[in-house]
file structure-v9.tsv (TSV, C-alpha atoms)
chain	number	residue	atom	x	y	z
O	1	MET	CA	115.42	-131.99	-34.46
O	2	LYS	CA	116.53	-130.74	-37.88
O	3	LYS	CA	112.91	-130.78	-39.07
O	4	ASN	CA	111.82	-128.54	-36.17
O	5	TYR	CA	114.70	-126.20	-36.92
O	6	ASN	CA	113.64	-125.91	-40.56
O	7	ILE	CA	110.04	-125.17	-39.54
O	8	LYS	CA	111.21	-122.43	-37.18
O	9	CYS	CA	113.34	-120.90	-39.93
O	10	ILE	CA	110.42	-120.87	-42.35
O	11	LEU	CA	108.12	-119.27	-39.78
O	12	SER	CA	110.73	-116.64	-38.97
O	13	LEU	CA	111.11	-115.75	-42.64
O	14	VAL	CA	107.35	-115.46	-43.07
O	15	LEU	CA	107.03	-113.19	-40.04
O	16	PHE	CA	109.95	-111.08	-41.25
O	17	ALA	CA	108.34	-110.68	-44.67
O	18	LEU	CA	105.03	-109.67	-43.14
O	19	MET	CA	106.66	-107.11	-40.87
O	20	PHE	CA	108.57	-105.39	-43.64
O	21	ALA	CA	106.21	-105.82	-46.56
O	22	PRO	CA	104.88	-102.44	-47.73
O	23	LEU	CA	101.31	-101.66	-46.77
O	24	LYS	CA	98.96	-101.56	-49.73
O	25	ALA	CA	96.20	-99.10	-50.34
O	26	GLN	CA	93.03	-99.90	-48.43
O	27	VAL	CA	90.15	-97.97	-49.94
O	28	ARG	CA	86.83	-97.95	-48.12
O	29	LEU	CA	83.46	-96.25	-48.19
O	30	LYS	CA	83.60	-93.30	-45.77
O	31	ILE	CA	80.40	-91.26	-46.24
O	32	VAL	CA	77.25	-92.27	-48.14
O	33	ASN	CA	74.43	-89.82	-48.75
O	34	PRO	CA	71.65	-91.76	-50.51
O	35	THR	CA	69.52	-88.63	-50.89
O	36	THR	CA	72.06	-86.83	-53.08
O	37	GLY	CA	73.98	-89.87	-54.32
O	38	ALA	CA	77.23	-88.46	-52.92
O	39	VAL	CA	79.74	-91.14	-51.92
O	40	THR	CA	83.06	-90.36	-50.22
O	41	LEU	CA	85.89	-92.90	-50.35
O	42	HIS	CA	88.92	-92.89	-48.04
O	43	ASN	CA	92.31	-94.53	-48.56
O	44	TYR	CA	93.35	-96.02	-45.21
O	45	GLY	CA	96.49	-97.55	-46.67
O	46	SER	CA	99.98	-96.15	-47.15
O	47	SER	CA	100.21	-96.06	-50.94
O	48	THR	CA	98.45	-94.19	-53.74
O	49	VAL	CA	95.96	-96.10	-55.88
O	50	ASN	CA	94.05	-95.06	-58.97
O	51	ILE	CA	90.46	-96.08	-58.26
O	52	GLY	CA	89.02	-94.90	-61.56
O	53	THR	CA	88.34	-98.52	-62.53
O	54	TYR	CA	86.57	-99.32	-59.23
O	55	TRP	CA	82.81	-99.84	-59.20
O	56	LEU	CA	79.85	-98.95	-56.98
O	57	CYS	CA	77.05	-101.51	-56.88
O	58	ASN	CA	73.45	-101.28	-55.71
O	59	PHE	CA	71.99	-104.36	-57.37
O	60	PRO	CA	71.05	-104.30	-60.20
O	61	SER	CA	72.67	-100.88	-60.88
O	62	TYR	CA	76.40	-100.30	-61.29
O	63	ASN	CA	78.70	-97.29	-61.75
O	64	GLN	CA	82.37	-97.29	-62.69
O	65	LEU	CA	83.99	-94.42	-60.82
O	66	ASN	CA	85.70	-92.88	-63.84
O	67	THR	CA	82.26	-92.29	-65.40
O	68	LEU	CA	81.01	-90.26	-62.43
O	69	THR	CA	81.34	-86.60	-61.50
O	70	VAL	CA	84.10	-86.01	-58.94
O	71	THR	CA	83.04	-83.19	-56.60
O	72	GLN	CA	86.04	-83.27	-54.28
O	73	GLY	CA	89.49	-84.84	-54.44
O	74	SER	CA	91.00	-87.10	-57.09
O	75	LEU	CA	90.42	-90.68	-58.22
O	76	ASN	CA	94.20	-91.06	-58.08
O	77	LEU	CA	93.73	-91.49	-54.35
O	78	ALA	CA	96.75	-90.80	-52.16
O	79	ALA	CA	97.29	-92.46	-48.80
O	80	GLY	CA	95.09	-90.79	-46.21
O	81	ALA	CA	93.16	-88.85	-48.85
O	82	GLU	CA	89.46	-88.79	-49.70
O	83	VAL	CA	87.48	-88.37	-52.89
O	84	THR	CA	83.76	-87.70	-53.33
O	85	VAL	CA	81.75	-88.74	-56.38
O	86	THR	CA	78.09	-88.38	-57.30
O	87	SER	CA	76.66	-91.84	-57.93
O	88	ASN	CA	73.51	-92.74	-59.83
O	89	VAL	CA	72.92	-96.32	-58.76
O	90	GLY	CA	69.45	-95.53	-57.44
O	91	LEU	CA	70.14	-95.42	-53.71
O	92	SER	CA	67.08	-95.16	-51.47
O	93	ALA	CA	67.32	-93.19	-48.23
O	94	SER	CA	65.06	-95.68	-46.46
O	95	ASP	CA	66.34	-99.07	-47.67
O	96	SER	CA	69.33	-99.91	-49.87
O	97	GLU	CA	72.80	-101.39	-50.13
O	98	LEU	CA	76.10	-100.21	-51.56
O	99	GLY	CA	79.15	-102.25	-52.45
O	100	LEU	CA	82.59	-101.10	-53.56
O	101	TYR	CA	84.47	-103.33	-56.02
O	102	ASP	CA	87.81	-103.22	-57.80
O	103	SER	CA	86.34	-105.03	-60.83
O	104	ASN	CA	82.92	-105.72	-62.35
O	105	ILE	CA	82.75	-109.28	-61.00
O	106	PHE	CA	80.06	-108.35	-58.50
O	107	GLY	CA	79.45	-111.84	-57.16
O	108	SER	CA	83.10	-112.20	-56.14
O	109	SER	CA	84.18	-111.62	-52.56
O	110	VAL	CA	87.73	-111.12	-53.87
O	111	SER	CA	86.61	-108.17	-55.99
O	112	MET	CA	84.54	-106.60	-53.21
O	113	LYS	CA	86.41	-103.97	-51.20
O	114	ASP	CA	83.67	-102.66	-48.89
O	115	TYR	CA	79.94	-102.92	-48.24
O	116	LEU	CA	77.05	-101.59	-46.21
O	117	GLN	CA	73.28	-101.97	-46.20
O	118	TRP	CA	70.64	-99.97	-44.36
O	119	GLY	CA	66.92	-100.13	-43.68
O	120	SER	CA	66.79	-103.92	-43.78
O	121	ALA	CA	68.98	-106.98	-44.21
O	122	GLY	CA	69.13	-109.55	-46.97
O	123	HIS	CA	70.03	-107.39	-49.96
O	124	GLN	CA	71.48	-109.04	-53.03
O	125	ARG	CA	75.18	-108.48	-52.28
O	126	GLU	CA	75.00	-109.16	-48.53
O	127	VAL	CA	76.14	-112.75	-49.05
O	128	VAL	CA	79.23	-111.55	-50.95
O	129	ALA	CA	80.21	-109.29	-48.03
O	130	VAL	CA	79.54	-112.10	-45.55
O	131	ASN	CA	81.76	-114.47	-47.53
O	132	LYS	CA	84.49	-111.84	-47.57
O	133	GLY	CA	84.25	-111.50	-43.80
O	134	ILE	CA	83.39	-107.79	-43.72
O	135	TRP	CA	79.69	-108.05	-42.83
O	136	THR	CA	77.52	-110.12	-40.49
O	137	ALA	CA	74.51	-111.81	-42.05
O	138	GLY	CA	71.18	-110.31	-41.02
O	139	THR	CA	72.61	-106.99	-39.82
O	140	PHE	CA	72.04	-103.53	-41.25
O	141	VAL	CA	72.65	-99.88	-40.41
O	142	ASN	CA	69.68	-98.76	-38.34
O	143	ALA	CA	70.23	-95.00	-38.50
O	144	ALA	CA	69.13	-92.00	-40.50
O	145	PRO	CA	71.18	-90.98	-43.55
O	146	PRO	CA	73.64	-89.64	-44.51
O	147	PHE	CA	75.87	-92.41	-43.15
O	148	GLU	CA	79.46	-92.14	-41.97
O	149	TYR	CA	81.98	-94.90	-41.29
O	150	ASN	CA	83.62	-94.26	-37.91
O	151	GLY	CA	85.97	-97.24	-37.73
O	152	ASN	CA	89.74	-97.25	-38.09
O	153	GLY	CA	89.87	-98.77	-41.56
O	154	ALA	CA	90.36	-102.33	-40.34
O	155	GLN	CA	87.03	-102.57	-38.48
O	156	ASN	CA	84.00	-103.95	-40.29
O	157	GLY	CA	80.26	-104.19	-39.85
O	158	ALA	CA	77.08	-102.22	-39.30
O	159	GLN	CA	78.18	-101.17	-35.81
O	160	PHE	CA	80.85	-98.92	-37.34
O	161	TRP	CA	78.32	-96.90	-39.33
O	162	ALA	CA	76.25	-94.04	-37.92
O	163	THR	CA	74.43	-90.90	-38.96
O	164	LEU	CA	76.80	-88.21	-40.13
O	165	GLY	CA	76.76	-85.65	-37.31
O	166	ILE	CA	74.91	-82.40	-37.93
O	167	GLU	CA	78.03	-80.40	-37.13
O	168	ASP	CA	80.12	-82.58	-39.44
O	169	PHE	CA	77.49	-82.32	-42.15
O	170	GLU	CA	77.27	-78.53	-41.96
O	171	PHE	CA	80.90	-77.82	-41.20
O	172	GLY	CA	82.45	-80.91	-42.82
O	173	ASN	CA	84.96	-78.76	-44.71
O	174	SER	CA	85.73	-76.33	-41.91
O	175	PHE	CA	89.31	-75.98	-43.14
O	176	TYR	CA	91.44	-76.57	-46.19
O	177	VAL	CA	94.90	-78.14	-46.38
O	178	TYR	CA	97.19	-77.46	-49.34
O	179	PRO	CA	99.38	-78.50	-50.98
O	180	ASN	CA	98.83	-82.10	-49.94
O	181	PRO	CA	101.16	-84.00	-50.28
O	182	SER	CA	104.04	-81.57	-49.83
O	183	LYS	CA	107.75	-81.60	-49.02
O	184	THR	CA	108.43	-78.17	-47.53
O	185	GLU	CA	105.27	-76.22	-46.78
O	186	LEU	CA	101.80	-76.77	-45.36
O	187	ASN	CA	99.05	-74.15	-45.68
O	188	ILE	CA	95.91	-74.30	-43.54
O	189	GLN	CA	92.94	-72.02	-44.08
O	190	LEU	CA	89.55	-71.88	-42.34
O	191	ASN	CA	86.38	-71.57	-44.37
O	192	ASN	CA	84.26	-68.45	-43.91
O	193	ARG	CA	81.89	-70.15	-41.43
O	194	VAL	CA	84.62	-70.56	-38.80
O	195	SER	CA	86.07	-67.32	-37.43
O	196	LYS	CA	88.56	-68.68	-34.91
O	197	ALA	CA	89.93	-72.10	-34.02
O	198	ASN	CA	92.79	-73.98	-32.43
O	199	LEU	CA	95.18	-75.80	-34.73
O	200	GLU	CA	97.08	-78.93	-33.69
O	201	VAL	CA	99.26	-81.30	-35.70
O	202	PHE	CA	100.14	-84.81	-34.51
O	203	ASP	CA	102.32	-87.55	-35.91
O	204	LEU	CA	100.94	-91.10	-36.08
O	205	LEU	CA	102.46	-91.90	-32.68
O	206	GLY	CA	100.26	-89.22	-31.13
O	207	LYS	CA	103.06	-86.72	-30.51
O	208	GLN	CA	101.90	-83.12	-30.83
O	209	ILE	CA	104.30	-81.18	-33.05
O	210	VAL	CA	102.30	-77.99	-33.69
O	211	LYS	CA	99.81	-76.05	-31.56
O	212	GLN	CA	98.58	-72.55	-32.39
O	213	SER	CA	95.52	-70.39	-32.99
O	214	ILE	CA	94.19	-69.63	-36.44
O	215	GLY	CA	91.72	-67.02	-37.70
O	216	SER	CA	89.43	-66.92	-40.71
O	217	ASN	CA	91.24	-64.05	-42.42
O	218	THR	CA	94.69	-65.63	-42.40
O	219	VAL	CA	96.46	-68.62	-43.90
O	220	SER	CA	98.58	-70.53	-41.42
O	221	GLN	CA	101.85	-71.46	-43.13
O	222	ILE	CA	103.93	-74.20	-41.54
O	223	ASN	CA	107.44	-75.16	-42.63
O	224	THR	CA	107.51	-78.96	-42.93
O	225	SER	CA	110.99	-79.36	-44.43
O	226	ALA	CA	112.39	-80.81	-41.19
O	227	TRP	CA	109.51	-83.25	-40.67
O	228	ILE	CA	110.03	-86.95	-41.23
O	229	SER	CA	108.22	-88.26	-44.31
O	230	GLY	CA	104.90	-89.86	-43.46
O	231	ILE	CA	101.30	-89.17	-42.49
O	232	TYR	CA	100.33	-86.45	-39.99
O	233	LEU	CA	96.95	-85.61	-38.45
O	234	ILE	CA	95.77	-81.99	-38.55
O	235	LYS	CA	93.10	-81.17	-35.97
O	236	ILE	CA	91.02	-77.99	-35.99
O	237	SER	CA	88.83	-77.27	-32.94
O	238	SER	CA	86.30	-74.45	-32.78
O	239	GLU	CA	83.39	-73.79	-30.44
O	240	HIS	CA	81.05	-75.51	-32.88
O	241	ASN	CA	83.07	-78.35	-34.31
O	242	THR	CA	86.19	-80.51	-34.29
O	243	GLU	CA	87.56	-81.86	-37.54
O	244	THR	CA	90.66	-83.88	-38.38
O	245	LYS	CA	92.36	-84.30	-41.74
O	246	ARG	CA	95.47	-86.12	-42.87
O	247	PHE	CA	98.55	-84.51	-44.35
O	248	ILE	CA	101.23	-86.42	-46.24
O	249	LYS	CA	104.81	-85.21	-45.84
O	250	GLN	CA	106.86	-86.37	-48.80

call {"tool": "encode", "arguments": {"input": "structure-v9.tsv", "output": "structure tokens"}}
result
Amino acid sequence: MKKNYNIKCILSLVLFALMFAPLKAQVRLKIVNPTTGAVTLHNYGSSTVNIGTYWLCNFPSYNQLNTLTVTQGSLNLAAGAEVTVTSNVGLSASDSELGLYDSNIFGSSVSMKDYLQWGSAGHQREVVAVNKGIWTAGTFVNAAPPFEYNGNGAQNGAQFWATLGIEDFEFGNSFYVYPNPSKTELNIQLNNRVSKANLEVFDLLGKQIVKQSIGSNTVSQINTSAWISGIYLIKISSEHNTETKRFIKQ
């Protein structure tokens, strides 16, 4: 009886630790454009991570991120943020693979953070992704590039990759959010291709906390000082496009 009690206590402590352990950064490939070499990474976790020492791999070519040109964002990647780099690992639009690693041990499933292949299966690093449990052997993305991951950050496999929508591709930066993160103020501004849109802000429970219209010639300023610290979703909807970005309230 005492033995069963001890086992229950141990299990309870483990569950308690898992529930209250802080979430770590979870960086994944978000958008891959093999034609231009542009690769966008997204941090689905809840903590900032410096990914300058991460690597991109298209066997037998490798790039460390801090050697590449950053075209958008920062390699000191905040929770919910994205960064875009221009790779030169020789990606082919018709048939290639791309792996993301946190070290240069490219045969290690522990070092691999994300992976996709397109055009055909059986690329060099497929087996590493299969061993890690993030890819199914023999599968590949059967779509036209550029590719976009449409999962929730915890979902894996070719089925969560698709062609980046034409509207997203053309209007992918339909609005700008700054400063981000911020404690007291949030500024939202449309780019010059969007003249009018609806602005909505949601917390992570789905509760709408802001709803208003926004025009291209104005900056919408929102006081966030009373908001609870955390991640919020900012949604802009126009007649041509809908785009969502994350905002971090400090």

call {"tool": "axis_aligned_box", "arguments": {"input": "structure-v9.tsv", "around": "region 245-250 of chain O", "padding_each_side": "3 Å", "output": "JSON"}}
result
{"center_x": 99.6, "center_y": -85.4, "center_z": -45.3, "size_x": 20.5, "size_y": 8.1, "size_z": 13.1}

call {"tool": "atom_distance", "arguments": {"input": "structure-v9.tsv", "atom1": "CA of Tyr115 (chain O)", "atom2": "CA of Asn131 (chain O)"}}
result
11.7 Å

call {"tool": "closest_residue", "arguments": {"input": "structure-v9.tsv", "among": "O:Lys113, O:Lys235, O:Arg125, O:Lys207", "to": "Ser96 (chain O)", "atoms": "all atoms listed in the file"}}
result
O:Arg125

call {"tool": "closest_residue", "arguments": {"input": "structure-v9.tsv", "among": "O:Ser237, O:Asn104, O:Asn76, O:Gln221", "to": "Phe175 (chain O)", "atoms": "all atoms listed in the file"}}
result
O:Ser237

call {"tool": "residues_near_point", "arguments": {"input": "structure-v9.tsv", "point": "(76.6, -98.7, -39.3)", "cutoff": "8 Å", "atoms": "all atoms listed in the file", "output": "PyMOL selection string"}}
result
chain O and resi 116+118+140-143+147-149+157-162

call {"tool": "atom_distance", "arguments": {"input": "structure-v9.tsv", "atom1": "CA of Trp135 (chain O)", "atom2": "CA of Thr36 (chain O)"}}
result
24.8 Å

call {"tool": "closest_residue", "arguments": {"input": "structure-v9.tsv", "among": "O:Val130, O:Leu41, O:Leu190, O:Val89", "to": "Ser109 (chain O)", "atoms": "all atoms listed in the file"}}
result
O:Val130

call {"tool": "closest_residue", "arguments": {"input": "structure-v9.tsv", "among": "O:Gln64, O:Asn156, O:Asn33, O:Ser74", "to": "Glu97 (chain O)", "atoms": "all atoms listed in the file"}}
result
O:Asn33

call {"tool": "closest_residue", "arguments": {"input": "structure-v9.tsv", "among": "O:Asp114, O:Asp102, O:Asp95, O:Glu185", "to": "Val49 (chain O)", "atoms": "only C-alpha atoms"}}
result
O:Asp102

call {"tool": "residues_around", "arguments": {"input": "structure-v9.tsv", "residues": "Val70 (chain O)", "least_positions_apart": "4", "cutoff": "7 Å", "atoms": "all atoms listed in the file", "output": "number ranges by chain"}}
result
O: 84-86

call {"tool": "write_last_selection", "arguments": {"input": "structure-v9.tsv", "atoms": "C-alpha atoms", "output": "short mmCIF file (atom, residue, chain, number, x, y, z; two decimals), in the coordinates of the input"}}
result
data_model
loop_
_atom_site.label_atom_id
_atom_site.label_comp_id
_atom_site.auth_asym_id
_atom_site.auth_seq_id
_atom_site.Cartn_x
_atom_site.Cartn_y
_atom_site.Cartn_z
CA THR O 84 83.76 -87.70 -53.33
CA VAL O 85 81.75 -88.74 -56.38
CA THR O 86 78.09 -88.38 -57.30
#

call {"tool": "atom_distance", "arguments": {"input": "structure-v9.tsv", "atom1": "CA of Lys211 (chain O)", "atom2": "CA of Tyr176 (chain O)"}}
result
16.9 Å

call {"tool": "residues_around", "arguments": {"input": "structure-v9.tsv", "residues": "Asn66 (chain O)", "least_positions_apart": "4", "cutoff": "10 Å", "atoms": "all atoms listed in the file", "output": "PDB file with C-alpha atoms, in the frame of the given file"}}
result
ATOM      1  CA  ASN O  50      94.050 -95.060 -58.970  1.00  0.00           C
ATOM      2  CA  ILE O  51      90.460 -96.080 -58.260  1.00  0.00           C
ATOM      3  CA  GLY O  52      89.020 -94.900 -61.560  1.00  0.00           C
ATOM      4  CA  THR O  53      88.340 -98.520 -62.530  1.00  0.00           C
ATOM      5  CA  TYR O  54      86.570 -99.320 -59.230  1.00  0.00           C
ATOM      6  CA  TRP O  55      82.810 -99.840 -59.200  1.00  0.00           C
ATOM      7  CA  VAL O  70      84.100 -86.010 -58.940  1.00  0.00           C
ATOM      8  CA  LEU O  75      90.420 -90.680 -58.220  1.00  0.00           C
ATOM      9  CA  VAL O  85      81.750 -88.740 -56.380  1.00  0.00           C
TER      10      VAL O  85
END

call {"tool": "residues_near_point", "arguments": {"input": "structure-v9.tsv", "point": "(95.4, -98.3, -43.5)", "cutoff": "6 Å", "atoms": "only C-alpha atoms", "output": "number ranges by chain"}}
result
O: 26, 44-45, 153

call {"tool": "residues_around", "arguments": {"input": "structure-v9.tsv", "residues": "region 223-230 of chain O", "least_positions_apart": "5", "cutoff": "12 Å", "atoms": "only C-alpha atoms", "output": "NGL selection string"}}
result
:O and (45-47 or 78-80 or 179-188 or 201-205 or 209-210 or 246-250)
